[in-house]
Amino acid sequence: MKKRKKVEEMFFRILSGIASYSLIVILCFIILIIFIKGFNALSLDMIFKTPKGGYYYGGEGGVLNAIVGSLYIAFGATFIAIIIGMPAALYINVHLIRYRRTQNTIRYFLDALWGIPSIVYGAFGFTLMLFLGMNASLLAGIITVALLITPIVIRTFDEVLSTIPKGLHEASLALGSTRAEMAFKVMFKQGFSGFITAVLLAFGRGIGDAASVLFTAGYTDLIPTNLDEPAATLPLAIFFQLSSPIPEVRERAYAAAAILTIIILIISLTARGFSKKYSKLNIK
Amino acid sequence: MNTIITETLTEQLRIIPELKQKKQASILQIKNLNVWAKNHHILKNINLEIPKNSITVLLGPSGCGKTTLLKSINKLTDLYKELKVSGQIFIENDDILNTNKNIPLIRQKMGLLSQKPYPLPVSIYKNVAYGIKLKGIKDKKLINYQVEIKLKEVGLWNEVKNRLHNSPDSLSIGQQQRLCLARGLAVKPYIILADEPTSALDPVSSKIIENLFRELKKYYTIILVTHILRQAQRLADNVVFMNYGEILEQGNADEVFKNPRTSQMKEYMIDGN
């Protein structure tokens, strides 16, 4: 009997080990492929120059336009998503604490919004844009991506806030805090790591999404200087170049993908570091 | 519904003359308090007076409504939609159940100590300073001074003075409980509501809390919820024995413990000892 338990234990250990490590291996593999394929095209020019004439046929230049455009859109949209999402998540968990049914209805709708494919947001953004008489522009792109990622911010942050024990609510209210004080001084701090995760997830989704910006942000070889100018984005730069028949251009697509990956890595590492420093007090 | 109203009226007529005589001594009066959770009648017609500067122990088996009674006193029942509260609770002649006054200000008259300590997600120092700042004190020196005083009041100062800016996670549960007490005292309450404050603690930490209560009753009125008979016997000046949402016995601790009138109390005392 003992032997059987041992074998069982071993079996499940190996099984879950394979499940976890194979995922990491696949991730490394993807990154490796991107870097190997894009290595030849990866250069400083690629990062610091905008496309010159004939770039898409193998001419000189880089994807600075798309890097800047993507950063503008992702930061802008994340900013809007935080402004809307943070108070919304706190509201669900502070003011609606008595109304479990309302809470769950809101969560249900947000989950549905999260699940909607981004092309639908793109189409909606496009309709909205036409309705408002706007052109494909940085602003339209930011608004559409913000719509796409706000549910992510709210639900991810909300998920962490909802695990905060009721005892902490009661403790802070019993001290005589107002609900606002409780929300921002207690709940926000307690759920800070969840907030950072929420923002990172949203940012990653926002910067990497092609479908929502396809119609709304447009595409241009110039760096936008104004909100009503169109903006290029990295996912679209990858898409256009990858569909080229010229091998060098396809290589550049992988280089652009590598740049996108590096941007996401840098931002997530900084945010993690920042969150650690801010939320963990030094324990001696 | 009608029977409740007539019951309420007779209760009121019976209790008002008594109240007038004792007005000076009691700090909190509860009249005809009823709490329902949907169809479940949790607290049934509670009438209670809490004498000043003493320890009143709410004693009774689990699920008898002690904690609900405590939560109605500082209006934490508001957090639960399904709870319906009726009746009156007077603190300093203010009926806090039926008032338009600012609820946070009412809650500041009472400090709550829960079963498990819930330190705020900030440093030890800031936990206490939080309470002080809620009172509108902004001067840093004054806050520093008060933090020290409050931590000394709960006997925690010497243990934490070198790590005030660390997380409370580094403290033991007993120390965290005292930190929460210090935080509660920082808002300068009159009353301390303690909901089985030693249930998560080891015997040594429990003893420290019990000794603290004996000390603190000189300055505060303490309402202690417990199901531990021995603890009640050690601490209580007054006892309120509850069962199934009703007060079965109340009065001076020595008298109640010596001559329990109801069979439930007698049984509880035999089982508890």
# chains A, B, ... in the order shown; residues from 1 in each chain; ligands from 1

$ interface_residues --of "chain A" --to "chain B" --cutoff "12 Å" --atoms "only C-alpha atoms" --output "PyMOL selection string"
chain A and resi 93-102+164-182+184-193+278-284

$ write_last_selection --atoms "C-alpha atoms" --output "compact mmCIF listing (two decimals), in the first residue's frame"
# COMPACT_ATOMS: atom_id res chain seq x y z
CA ASN A 93 -15.77 46.24 -3.37
CA VAL A 94 -16.44 49.15 -1.02
CA HIS A 95 -19.81 50.68 -1.76
CA LEU A 96 -21.49 47.62 -3.17
CA ILE A 97 -20.26 45.34 -0.41
CA ARG A 98 -23.81 44.91 0.86
CA TYR A 99 -25.26 44.15 -2.53
CA ARG A 100 -23.86 40.82 -3.58
CA ARG A 101 -26.30 40.40 -6.47
CA THR A 102 -25.44 43.77 -8.01
CA ILE A 164 -9.55 41.06 1.18
CA PRO A 165 -11.08 39.69 4.38
CA LYS A 166 -14.23 41.34 5.65
CA GLY A 167 -12.49 41.76 9.00
CA LEU A 168 -10.27 44.40 7.46
CA HIS A 169 -13.31 46.30 6.15
CA GLU A 170 -14.86 46.16 9.58
CA ALA A 171 -11.63 47.13 11.31
CA SER A 172 -11.17 50.22 9.17
CA LEU A 173 -14.82 51.25 9.36
CA ALA A 174 -14.89 50.63 13.12
CA LEU A 175 -12.04 53.12 13.48
CA GLY A 176 -14.37 55.70 12.01
CA SER A 177 -12.93 55.90 8.50
CA THR A 178 -15.23 57.12 5.79
CA ARG A 179 -15.75 54.80 2.84
CA ALA A 180 -13.44 56.90 0.69
CA GLU A 181 -10.69 56.70 3.30
CA MET A 182 -11.22 52.98 3.53
CA PHE A 184 -7.95 54.57 -0.90
CA LYS A 185 -5.98 54.18 2.32
CA VAL A 186 -6.76 50.58 3.15
CA MET A 187 -8.21 48.64 0.22
CA PHE A 188 -6.02 50.18 -2.47
CA LYS A 189 -2.88 49.56 -0.46
CA GLN A 190 -3.88 46.04 0.46
CA GLY A 191 -4.63 45.22 -3.17
CA PHE A 192 -1.71 47.15 -4.66
CA SER A 193 0.06 44.14 -6.15
CA TYR A 278 6.24 50.20 -2.71
CA SER A 279 4.12 47.46 -1.21
CA LYS A 280 6.64 45.49 0.83
CA LEU A 281 7.90 47.23 3.92
CA ASN A 282 11.41 46.31 4.99
CA ILE A 283 11.19 43.53 7.46
CA LYS A 284 14.29 43.16 9.54

$ select_by_dssp --residues "range 40-256 of chain A" --states "helix (DSSP H, G or I)" --output "MDAnalysis selection string"
chainID A and resid 44:48 55:57 64:94 100:115 118:131 138:161 166:174 179:190 192:208 211:214 234:242 247:256

$ residues_around --residues "range 141-153 of chain A" --least-positions-apart "6" --cutoff "7 Å" --atoms "only C-alpha atoms" --output "JSON, numbers by chain"
{"A": [73, 76, 77, 78, 80, 81, 82, 85, 110, 113, 114, 118, 121, 122, 125, 198, 199, 202, 206, 212, 213, 216, 217]}

$ closest_residue --among "A:Leu201, A:Ala253, A:Ala232, A:Ile246" --to "Tyr72 in chain A" --atoms "only C-alpha atoms"
A:Ala232

$ atom_distance --atom1 "CA of Phe90 in chain B" --atom2 "CA of Val57 in chain B"
18.7 Å

$ closest_residue --among "B:Glu255, B:Asp95, B:Glu153, B:Glu159" --to "Ile124 in chain B" --atoms "only C-alpha atoms"
B:Glu159

$ residues_around --residues "Thr220 in chain A" --least-positions-apart "2" --cutoff "7 Å" --atoms "only C-alpha atoms" --output "PyMOL selection string"
chain A and resi 218+222+230-232

$ atom_distance --atom1 "CA of Gly38 in chain A" --atom2 "CA of Pro247 in chain A"
10.9 Å

$ atom_distance --atom1 "CA of Ile191 in chain B" --atom2 "CA of Pro203 in chain B"
24.9 Å

$ residues_around --residues "Asn259 in chain B" --least-positions-apart "5" --cutoff "12 Å" --atoms "only C-alpha atoms" --output "number ranges by chain"
B: 249-254, 265-266, 269
